[in-house]
file data11.cif (mmCIF, C-alpha atoms)
data_work
#
loop_
_atom_site.label_atom_id
_atom_site.label_comp_id
_atom_site.auth_asym_id
_atom_site.auth_seq_id
_atom_site.Cartn_x
_atom_site.Cartn_y
_atom_site.Cartn_z
CA MET A 19 30.76 2.36 8.58
CA ALA A 20 27.05 2.97 9.15
CA ALA A 21 24.88 3.01 6.03
CA ILE A 22 23.69 6.42 4.86
CA ILE A 23 20.42 6.80 2.95
CA ASN A 24 19.62 10.16 1.36
CA PHE A 25 16.83 11.50 -0.82
CA SER A 26 17.16 14.06 -3.57
CA PRO A 27 14.93 17.13 -3.04
CA GLY A 28 11.24 16.21 -3.14
CA MET A 29 11.80 12.45 -2.95
CA ASP A 30 11.31 12.08 0.80
CA ASP A 31 7.63 13.00 0.94
CA GLY A 32 6.20 9.48 0.84
CA GLY A 33 5.22 6.90 -1.69
CA LEU A 34 7.00 3.89 -3.09
CA PRO A 35 10.55 5.31 -3.00
CA VAL A 36 10.28 6.02 0.73
CA MET A 37 8.73 2.58 1.39
CA MET A 38 11.58 0.86 -0.44
CA ALA A 39 14.20 2.92 1.40
CA ASP A 40 12.46 2.11 4.69
CA ILE A 41 12.61 -1.61 3.88
CA ILE A 42 16.36 -1.32 3.33
CA LYS A 43 16.82 0.76 6.53
CA GLY A 44 14.82 -1.76 8.56
CA ASN A 45 16.74 -4.71 7.15
CA LEU A 46 20.07 -3.05 7.91
CA ARG A 47 18.89 -2.38 11.46
CA ASP A 48 17.50 -5.90 12.01
CA LYS A 49 20.17 -7.78 10.05
CA PRO A 50 23.44 -5.88 10.52
CA GLN A 51 25.33 -8.57 8.61
CA ARG A 52 23.73 -7.18 5.42
CA GLU A 53 25.61 -3.91 5.87
CA ASN A 54 28.54 -5.54 4.05
CA ASP A 55 26.31 -5.95 1.00
CA PHE A 56 25.12 -2.34 1.25
CA ASN A 57 28.67 -1.01 1.54
CA ALA A 58 29.85 -3.11 -1.43
CA LEU A 59 27.20 -1.74 -3.82
CA ASN A 60 28.55 0.76 -6.31
CA GLY A 61 26.33 1.84 -9.19
CA ASN A 62 22.82 2.85 -10.14
CA ILE A 63 19.66 0.77 -9.95
CA TYR A 64 16.70 2.13 -11.91
CA ILE A 65 13.22 1.06 -10.83
CA GLN A 66 9.97 1.72 -12.66
CA ALA A 67 6.56 0.84 -11.23
CA GLU A 68 4.21 1.54 -14.11
CA ASP A 69 0.98 1.08 -12.14
CA ALA A 70 2.06 3.68 -9.58
CA ASP A 71 3.51 6.03 -12.22
CA VAL A 72 6.82 5.99 -10.31
CA ASP A 73 10.32 5.78 -11.65
CA MET A 74 13.37 6.29 -9.51
CA THR A 75 17.07 5.63 -9.38
CA MET A 76 18.90 4.37 -6.32
CA VAL A 77 22.50 5.48 -6.57
CA PHE A 78 24.85 3.40 -4.43
CA GLU A 79 28.32 4.74 -3.69
CA LYS A 80 30.05 2.39 -1.24
CA GLY A 81 28.00 2.90 1.92
CA VAL A 82 25.78 5.75 0.72
CA MET A 83 22.48 5.39 -1.12
CA THR A 84 20.74 8.38 -2.66
CA VAL A 85 17.25 8.07 -4.13
CA TYR A 86 16.47 10.24 -7.17
CA ASN A 87 13.33 10.84 -9.19
CA GLY A 88 13.56 9.46 -12.72
CA ARG A 89 16.45 7.79 -14.46
CA ILE A 90 19.90 9.02 -13.44
CA GLY A 91 23.12 8.12 -15.24
CA LYS A 92 23.63 4.68 -16.76
CA PRO A 93 22.02 2.12 -14.43
CA LYS A 94 23.67 -1.27 -14.09
CA ILE A 95 20.31 -2.81 -13.18
CA CYS A 96 16.85 -1.81 -14.43
CA ILE A 97 13.70 -3.23 -12.85
CA ASN A 98 10.34 -2.68 -14.52
CA THR A 99 7.19 -4.15 -12.97
CA ASP A 100 4.18 -3.20 -10.85
CA SER A 101 4.45 -1.88 -7.29
CA THR A 102 3.10 -5.10 -5.75
CA THR A 103 5.84 -7.17 -7.38
CA LEU A 104 8.48 -4.70 -6.19
CA LEU A 105 7.29 -5.13 -2.64
CA ASP A 106 7.13 -8.92 -3.17
CA LEU A 107 10.91 -8.82 -3.42
CA ALA A 108 10.84 -8.26 0.34
CA ASN A 109 9.47 -11.81 0.70
CA ILE A 110 12.39 -13.54 -1.01
CA ASN A 111 14.06 -15.86 1.47
CA ILE A 112 17.81 -15.76 1.98
CA LYS A 113 19.48 -19.13 2.51
CA PHE A 114 23.22 -19.61 2.92
CA GLY A 115 23.71 -15.92 2.12
CA LEU A 116 21.90 -16.05 -1.24
CA PRO A 117 18.35 -15.36 -2.44
CA TYR A 118 16.33 -18.60 -2.49
CA TYR A 119 14.01 -19.00 -5.47
CA PHE A 120 12.70 -22.51 -4.78
CA ASP A 121 9.82 -21.71 -2.42
CA LYS A 122 6.45 -19.99 -3.03
CA ALA A 123 7.83 -16.42 -2.94
CA GLY A 124 10.86 -17.22 -5.07
CA LEU A 125 8.93 -19.21 -7.64
CA GLY A 126 6.43 -16.34 -7.88
CA VAL A 127 9.26 -13.98 -8.84
CA ILE A 128 10.64 -16.48 -11.38
CA LYS A 129 7.16 -16.87 -12.91
CA LYS A 130 6.84 -13.10 -13.29
CA LEU A 131 10.26 -12.99 -14.99
CA VAL A 132 9.21 -15.71 -17.45
CA THR A 133 5.85 -14.07 -18.21
CA ARG A 134 7.55 -10.64 -18.52
CA GLU A 135 5.44 -9.16 -15.70
CA LEU A 136 8.86 -8.44 -14.18
CA LYS A 137 11.48 -7.11 -16.58
CA LEU A 138 15.01 -7.17 -15.28
CA LYS A 139 17.99 -5.80 -17.19
CA GLY A 140 21.39 -6.54 -15.70
CA LEU A 141 20.51 -10.03 -14.49
CA LEU A 142 23.31 -11.61 -16.52
CA THR A 143 25.77 -8.69 -16.62
CA HIS A 144 25.63 -7.68 -12.93
CA PRO A 145 24.48 -10.78 -10.99
CA ILE A 146 26.48 -9.96 -7.84
CA MET A 147 25.01 -6.46 -7.64
CA LEU A 148 21.51 -7.88 -8.16
CA THR A 149 22.09 -10.51 -5.46
CA ARG A 150 23.29 -7.88 -2.99
CA PHE A 151 20.29 -5.64 -3.77
CA THR A 152 17.89 -8.58 -3.40
CA LYS A 153 19.40 -9.38 0.01
CA LEU A 154 18.93 -5.73 1.06
CA MET A 155 15.28 -5.79 0.00
CA SER A 156 14.50 -9.15 1.63
CA CYS A 157 12.80 -9.00 5.03
CA GLN A 158 13.30 -12.76 5.44
#
call {"tool": "encode", "arguments": {"input": "data11.cif", "output": "structure tokens"}}
result
Amino acid sequence: MAAIINFSPGMDDGGLPVMMADIIKGNLRDKPQRENDFNALNGNIYIQAEDADVDMTMVFEKGVMTVYNGRIGKPKICINTDSTTLLDLANINIKFGLPYYFDKAGLGVIKKLVTRELKLKGLLTHPIMLTRFTKLMSCQ
């Protein structure tokens, strides 16, 4: 089943939400093996980029992603950081099918978690969902 990415009204006119959706679209096109991860996602991921005054929810329903403005429902994962760090997630390497945090890009993300520049709720309660989302965001 081909991945479907939709936007709620008014969300498709540019900015960070469109860039993030484009990263996912490009990765699915260039790395079709990641479509299994996309299709397996089921739940909401809330993302807030305070510096860009953007908050959005990506709602995943087994092969369909819809991007909404603001917080929708009860997200399983909440990411709060700056827009640069969000886009840095695209630099996380994937090794043996998992995100790799032991190189420069990965250690940078870990450092931001420790210093609270990156706040991540759901890390311990939904690790598989977070891993699948990280793989979708990674251009590596």
call {"tool": "closest_residue", "arguments": {"input": "data11.cif", "among": "A:Val36, A:Phe151, A:Asp106, A:Phe114", "to": "Phe78 in chain A", "atoms": "only C-alpha atoms"}}
result
A:Phe151
call {"tool": "closest_residue", "arguments": {"input": "data11.cif", "among": "A:Ile22, A:Ala108, A:Val85, A:Leu154", "to": "Tyr64 in chain A", "atoms": "all atoms listed in the file"}}
result
A:Val85
call {"tool": "resolve_selection", "arguments": {"input": "data11.cif", "expression": "the PyMOL selection byres ((chain A and resi 70) around 10)", "output": "VMD selection string"}}
result
chain A and resid 33 to 34 66 to 69 71 to 73 99 to 102
call {"tool": "closest_residue", "arguments": {"input": "data11.cif", "among": "A:Pro50, A:Gly126, A:Pro117, A:Gly140", "to": "Lys92 in chain A", "atoms": "all atoms listed in the file"}}
result
A:Gly140
call {"tool": "closest_residue", "arguments": {"input": "data11.cif", "among": "A:Gly81, A:Pro93, A:Pro35, A:Gly88", "to": "Asn54 in chain A", "atoms": "only C-alpha atoms"}}
result
A:Gly81
call {"tool": "atom_distance", "arguments": {"input": "data11.cif", "atom1": "CA of Ser26 in chain A", "atom2": "CA of Glu135 in chain A"}}
result
28.7 Å
call {"tool": "residues_around", "arguments": {"input": "data11.cif", "residues": "Cys157 in chain A", "least_positions_apart": "6", "cutoff": "8 Å", "atoms": "all atoms listed in the file", "output": "list in words"}}
result
Ile41, Asn45, Ala108, Asn109, Ile110 and Asn111 of chain A
call {"tool": "closest_residue", "arguments": {"input": "data11.cif", "among": "A:Asn98, A:Thr143, A:Thr103, A:Thr149", "to": "Val127 in chain A", "atoms": "only C-alpha atoms"}}
result
A:Thr103
call {"tool": "atom_distance", "arguments": {"input": "data11.cif", "atom1": "CA of Ala39 in chain A", "atom2": "CA of Lys129 in chain A"}}
result
25.4 Å
call {"tool": "residues_around", "arguments": {"input": "data11.cif", "residues": "Gly61 in chain A", "least_positions_apart": "6", "cutoff": "9 Å", "atoms": "all atoms listed in the file", "output": "number ranges by chain"}}
result
A: 76-80, 92-95, 147
call {"tool": "atom_distance", "arguments": {"input": "data11.cif", "atom1": "CA of Met38 in chain A", "atom2": "CA of Leu105 in chain A"}}
result
7.7 Å
call {"tool": "residues_around", "arguments": {"input": "data11.cif", "residues": "Ala21 in chain A", "least_positions_apart": "4", "cutoff": "8 Å", "atoms": "all atoms listed in the file", "output": "mmCIF file with C-alpha atoms, in the coordinates of the input"}}
result
data_model
loop_
_atom_site.group_PDB
_atom_site.id
_atom_site.type_symbol
_atom_site.label_atom_id
_atom_site.label_comp_id
_atom_site.auth_asym_id
_atom_site.auth_seq_id
_atom_site.Cartn_x
_atom_site.Cartn_y
_atom_site.Cartn_z
ATOM 1 C CA LEU A 46 20.070 -3.050 7.910
ATOM 2 C CA GLU A 53 25.610 -3.910 5.870
ATOM 3 C CA PHE A 56 25.120 -2.340 1.250
ATOM 4 C CA ASN A 57 28.670 -1.010 1.540
ATOM 5 C CA GLY A 81 28.000 2.900 1.920
ATOM 6 C CA VAL A 82 25.780 5.750 0.720
ATOM 7 C CA MET A 83 22.480 5.390 -1.120
#
call {"tool": "axis_aligned_box", "arguments": {"input": "data11.cif", "around": "range 136-143 of chain A", "padding_each_side": "5 Å", "output": "AutoDock Vina command-line options"}}
result
--center_x 17.3 --center_y -8.7 --center_z -15.7 --size_x 26.9 --size_y 15.8 --size_z 13.0
call {"tool": "closest_residue", "arguments": {"input": "data11.cif", "among": "A:Arg89, A:Leu107, A:Ile112, A:Leu142", "to": "Ile128 in chain A", "atoms": "only C-alpha atoms"}}
result
A:Leu107
call {"tool": "resolve_selection", "arguments": {"input": "data11.cif", "expression": "the PyMOL selection byres ((chain A and resi 139) around 7)", "output": "number ranges by chain"}}
result
A: 95-97, 137-138, 140-141
call {"tool": "resolve_selection", "arguments": {"input": "data11.cif", "expression": "the PyMOL selection byres ((chain A and resi 27) around 12)", "output": "PyMOL selection string"}}
result
chain A and resi 24-26+28-31+84-87
call {"tool": "decode", "arguments": {"input": "data11.cif", "residues": "range 68-105 of chain A", "atoms": "N, CA and C atoms", "output": "PDB file, in the first residue's frame"}}
result
ATOM      1  N   GLU A  68       9.449  25.998  19.154  1.00  0.00           N
ATOM      2  CA  GLU A  68       9.168  27.278  19.805  1.00  0.00           C
ATOM      3  C   GLU A  68       9.748  28.466  19.055  1.00  0.00           C
ATOM      4  N   ASP A  69      10.949  28.322  18.482  1.00  0.00           N
ATOM      5  CA  ASP A  69      11.575  29.446  17.790  1.00  0.00           C
ATOM      6  C   ASP A  69      10.821  29.845  16.531  1.00  0.00           C
ATOM      7  N   ALA A  70      10.128  28.894  15.925  1.00  0.00           N
ATOM      8  CA  ALA A  70       9.374  29.172  14.698  1.00  0.00           C
ATOM      9  C   ALA A  70       7.897  29.412  14.985  1.00  0.00           C
ATOM     10  N   ASP A  71       7.520  29.373  16.270  1.00  0.00           N
ATOM     11  CA  ASP A  71       6.127  29.543  16.676  1.00  0.00           C
ATOM     12  C   ASP A  71       5.215  28.574  15.908  1.00  0.00           C
ATOM     13  N   VAL A  72       5.660  27.311  15.834  1.00  0.00           N
ATOM     14  CA  VAL A  72       4.916  26.271  15.117  1.00  0.00           C
ATOM     15  C   VAL A  72       4.618  25.130  16.072  1.00  0.00           C
ATOM     16  N   ASP A  73       3.383  24.702  16.093  1.00  0.00           N
ATOM     17  CA  ASP A  73       3.068  23.431  16.733  1.00  0.00           C
ATOM     18  C   ASP A  73       2.097  22.700  15.834  1.00  0.00           C
ATOM     19  N   MET A  74       2.323  21.396  15.743  1.00  0.00           N
ATOM     20  CA  MET A  74       1.568  20.587  14.793  1.00  0.00           C
ATOM     21  C   MET A  74       1.451  19.167  15.324  1.00  0.00           C
ATOM     22  N   THR A  75       0.488  18.464  14.809  1.00  0.00           N
ATOM     23  CA  THR A  75       0.320  17.057  15.144  1.00  0.00           C
ATOM     24  C   THR A  75       0.306  16.259  13.847  1.00  0.00           C
ATOM     25  N   MET A  76       1.125  15.218  13.823  1.00  0.00           N
ATOM     26  CA  MET A  76       1.106  14.263  12.723  1.00  0.00           C
ATOM     27  C   MET A  76       0.295  13.067  13.214  1.00  0.00           C
ATOM     28  N   VAL A  77      -0.821  12.825  12.563  1.00  0.00           N
ATOM     29  CA  VAL A  77      -1.679  11.711  12.940  1.00  0.00           C
ATOM     30  C   VAL A  77      -1.427  10.575  11.958  1.00  0.00           C
ATOM     31  N   PHE A  78      -0.932   9.459  12.485  1.00  0.00           N
ATOM     32  CA  PHE A  78      -0.641   8.283  11.672  1.00  0.00           C
ATOM     33  C   PHE A  78      -1.733   7.250  11.895  1.00  0.00           C
ATOM     34  N   GLU A  79      -2.305   6.775  10.790  1.00  0.00           N
ATOM     35  CA  GLU A  79      -3.346   5.743  10.855  1.00  0.00           C
ATOM     36  C   GLU A  79      -3.031   4.678   9.817  1.00  0.00           C
ATOM     37  N   LYS A  80      -2.075   3.824  10.146  1.00  0.00           N
ATOM     38  CA  LYS A  80      -1.715   2.660   9.320  1.00  0.00           C
ATOM     39  C   LYS A  80      -1.679   2.967   7.828  1.00  0.00           C
ATOM     40  N   GLY A  81      -0.666   3.723   7.401  1.00  0.00           N
ATOM     41  CA  GLY A  81      -0.470   4.013   5.984  1.00  0.00           C
ATOM     42  C   GLY A  81      -0.949   5.382   5.544  1.00  0.00           C
ATOM     43  N   VAL A  82      -1.553   6.130   6.456  1.00  0.00           N
ATOM     44  CA  VAL A  82      -2.010   7.485   6.150  1.00  0.00           C
ATOM     45  C   VAL A  82      -1.492   8.417   7.245  1.00  0.00           C
ATOM     46  N   MET A  83      -0.879   9.531   6.811  1.00  0.00           N
ATOM     47  CA  MET A  83      -0.450  10.552   7.751  1.00  0.00           C
ATOM     48  C   MET A  83      -1.185  11.841   7.406  1.00  0.00           C
ATOM     49  N   THR A  84      -1.779  12.457   8.418  1.00  0.00           N
ATOM     50  CA  THR A  84      -2.423  13.751   8.241  1.00  0.00           C
ATOM     51  C   THR A  84      -1.777  14.736   9.196  1.00  0.00           C
ATOM     52  N   VAL A  85      -1.402  15.902   8.664  1.00  0.00           N
ATOM     53  CA  VAL A  85      -0.740  16.931   9.450  1.00  0.00           C
ATOM     54  C   VAL A  85      -1.778  17.990   9.840  1.00  0.00           C
ATOM     55  N   TYR A  86      -1.863  18.261  11.143  1.00  0.00           N
ATOM     56  CA  TYR A  86      -2.814  19.230  11.680  1.00  0.00           C
ATOM     57  C   TYR A  86      -2.074  20.355  12.393  1.00  0.00           C
ATOM     58  N   ASN A  87      -2.675  21.518  12.419  1.00  0.00           N
ATOM     59  CA  ASN A  87      -2.173  22.640  13.193  1.00  0.00           C
ATOM     60  C   ASN A  87      -2.526  22.394  14.659  1.00  0.00           C
ATOM     61  N   GLY A  88      -1.589  22.672  15.552  1.00  0.00           N
ATOM     62  CA  GLY A  88      -1.864  22.541  16.976  1.00  0.00           C
ATOM     63  C   GLY A  88      -1.816  21.104  17.465  1.00  0.00           C
ATOM     64  N   ARG A  89      -2.258  20.950  18.693  1.00  0.00           N
ATOM     65  CA  ARG A  89      -2.256  19.633  19.346  1.00  0.00           C
ATOM     66  C   ARG A  89      -3.606  18.964  19.134  1.00  0.00           C
ATOM     67  N   ILE A  90      -3.570  17.756  18.602  1.00  0.00           N
ATOM     68  CA  ILE A  90      -4.795  17.004  18.297  1.00  0.00           C
ATOM     69  C   ILE A  90      -4.780  15.706  19.105  1.00  0.00           C
ATOM     70  N   GLY A  91      -5.881  15.440  19.789  1.00  0.00           N
ATOM     71  CA  GLY A  91      -6.011  14.187  20.521  1.00  0.00           C
ATOM     72  C   GLY A  91      -4.987  14.049  21.637  1.00  0.00           C
ATOM     73  N   LYS A  92      -4.655  12.790  21.940  1.00  0.00           N
ATOM     74  CA  LYS A  92      -3.684  12.485  22.988  1.00  0.00           C
ATOM     75  C   LYS A  92      -2.444  11.881  22.336  1.00  0.00           C
ATOM     76  N   PRO A  93      -1.448  12.710  22.049  1.00  0.00           N
ATOM     77  CA  PRO A  93      -0.246  12.220  21.365  1.00  0.00           C
ATOM     78  C   PRO A  93       0.497  11.171  22.185  1.00  0.00           C
ATOM     79  N   LYS A  94       1.028  10.175  21.486  1.00  0.00           N
ATOM     80  CA  LYS A  94       1.862   9.167  22.130  1.00  0.00           C
ATOM     81  C   LYS A  94       3.286   9.686  22.302  1.00  0.00           C
ATOM     82  N   ILE A  95       3.692  10.579  21.386  1.00  0.00           N
ATOM     83  CA  ILE A  95       5.027  11.176  21.428  1.00  0.00           C
ATOM     84  C   ILE A  95       4.878  12.689  21.296  1.00  0.00           C
ATOM     85  N   CYS A  96       5.603  13.425  22.134  1.00  0.00           N
ATOM     86  CA  CYS A  96       5.637  14.888  22.064  1.00  0.00           C
ATOM     87  C   CYS A  96       7.094  15.321  21.953  1.00  0.00           C
ATOM     88  N   ILE A  97       7.380  16.121  20.949  1.00  0.00           N
ATOM     89  CA  ILE A  97       8.729  16.626  20.709  1.00  0.00           C
ATOM     90  C   ILE A  97       8.682  18.146  20.821  1.00  0.00           C
ATOM     91  N   ASN A  98       9.540  18.691  21.690  1.00  0.00           N
ATOM     92  CA  ASN A  98       9.590  20.133  21.878  1.00  0.00           C
ATOM     93  C   ASN A  98      11.047  20.565  21.778  1.00  0.00           C
ATOM     94  N   THR A  99      11.344  21.399  20.778  1.00  0.00           N
ATOM     95  CA  THR A  99      12.715  21.857  20.565  1.00  0.00           C
ATOM     96  C   THR A  99      12.677  23.053  19.618  1.00  0.00           C
ATOM     97  N   ASP A 100      13.808  23.386  19.030  1.00  0.00           N
ATOM     98  CA  ASP A 100      13.855  24.444  18.025  1.00  0.00           C
ATOM     99  C   ASP A 100      13.803  23.805  16.631  1.00  0.00           C
ATOM    100  N   SER A 101      13.523  24.612  15.637  1.00  0.00           N
ATOM    101  CA  SER A 101      13.346  24.088  14.271  1.00  0.00           C
ATOM    102  C   SER A 101      14.630  23.472  13.720  1.00  0.00           C
ATOM    103  N   THR A 102      15.781  24.016  14.082  1.00  0.00           N
ATOM    104  CA  THR A 102      17.049  23.454  13.600  1.00  0.00           C
ATOM    105  C   THR A 102      17.243  22.034  14.116  1.00  0.00           C
ATOM    106  N   THR A 103      16.952  21.814  15.387  1.00  0.00           N
ATOM    107  CA  THR A 103      17.093  20.477  15.963  1.00  0.00           C
ATOM    108  C   THR A 103      16.121  19.501  15.314  1.00  0.00           C
ATOM    109  N   LEU A 104      14.912  19.954  15.036  1.00  0.00           N
ATOM    110  CA  LEU A 104      13.950  19.076  14.343  1.00  0.00           C
ATOM    111  C   LEU A 104      14.520  18.613  13.006  1.00  0.00           C
ATOM    112  N   LEU A 105      15.090  19.537  12.276  1.00  0.00           N
ATOM    113  CA  LEU A 105      15.647  19.174  10.973  1.00  0.00           C
ATOM    114  C   LEU A 105      16.931  18.360  11.125  1.00  0.00           C
TER     115      LEU A 105
END
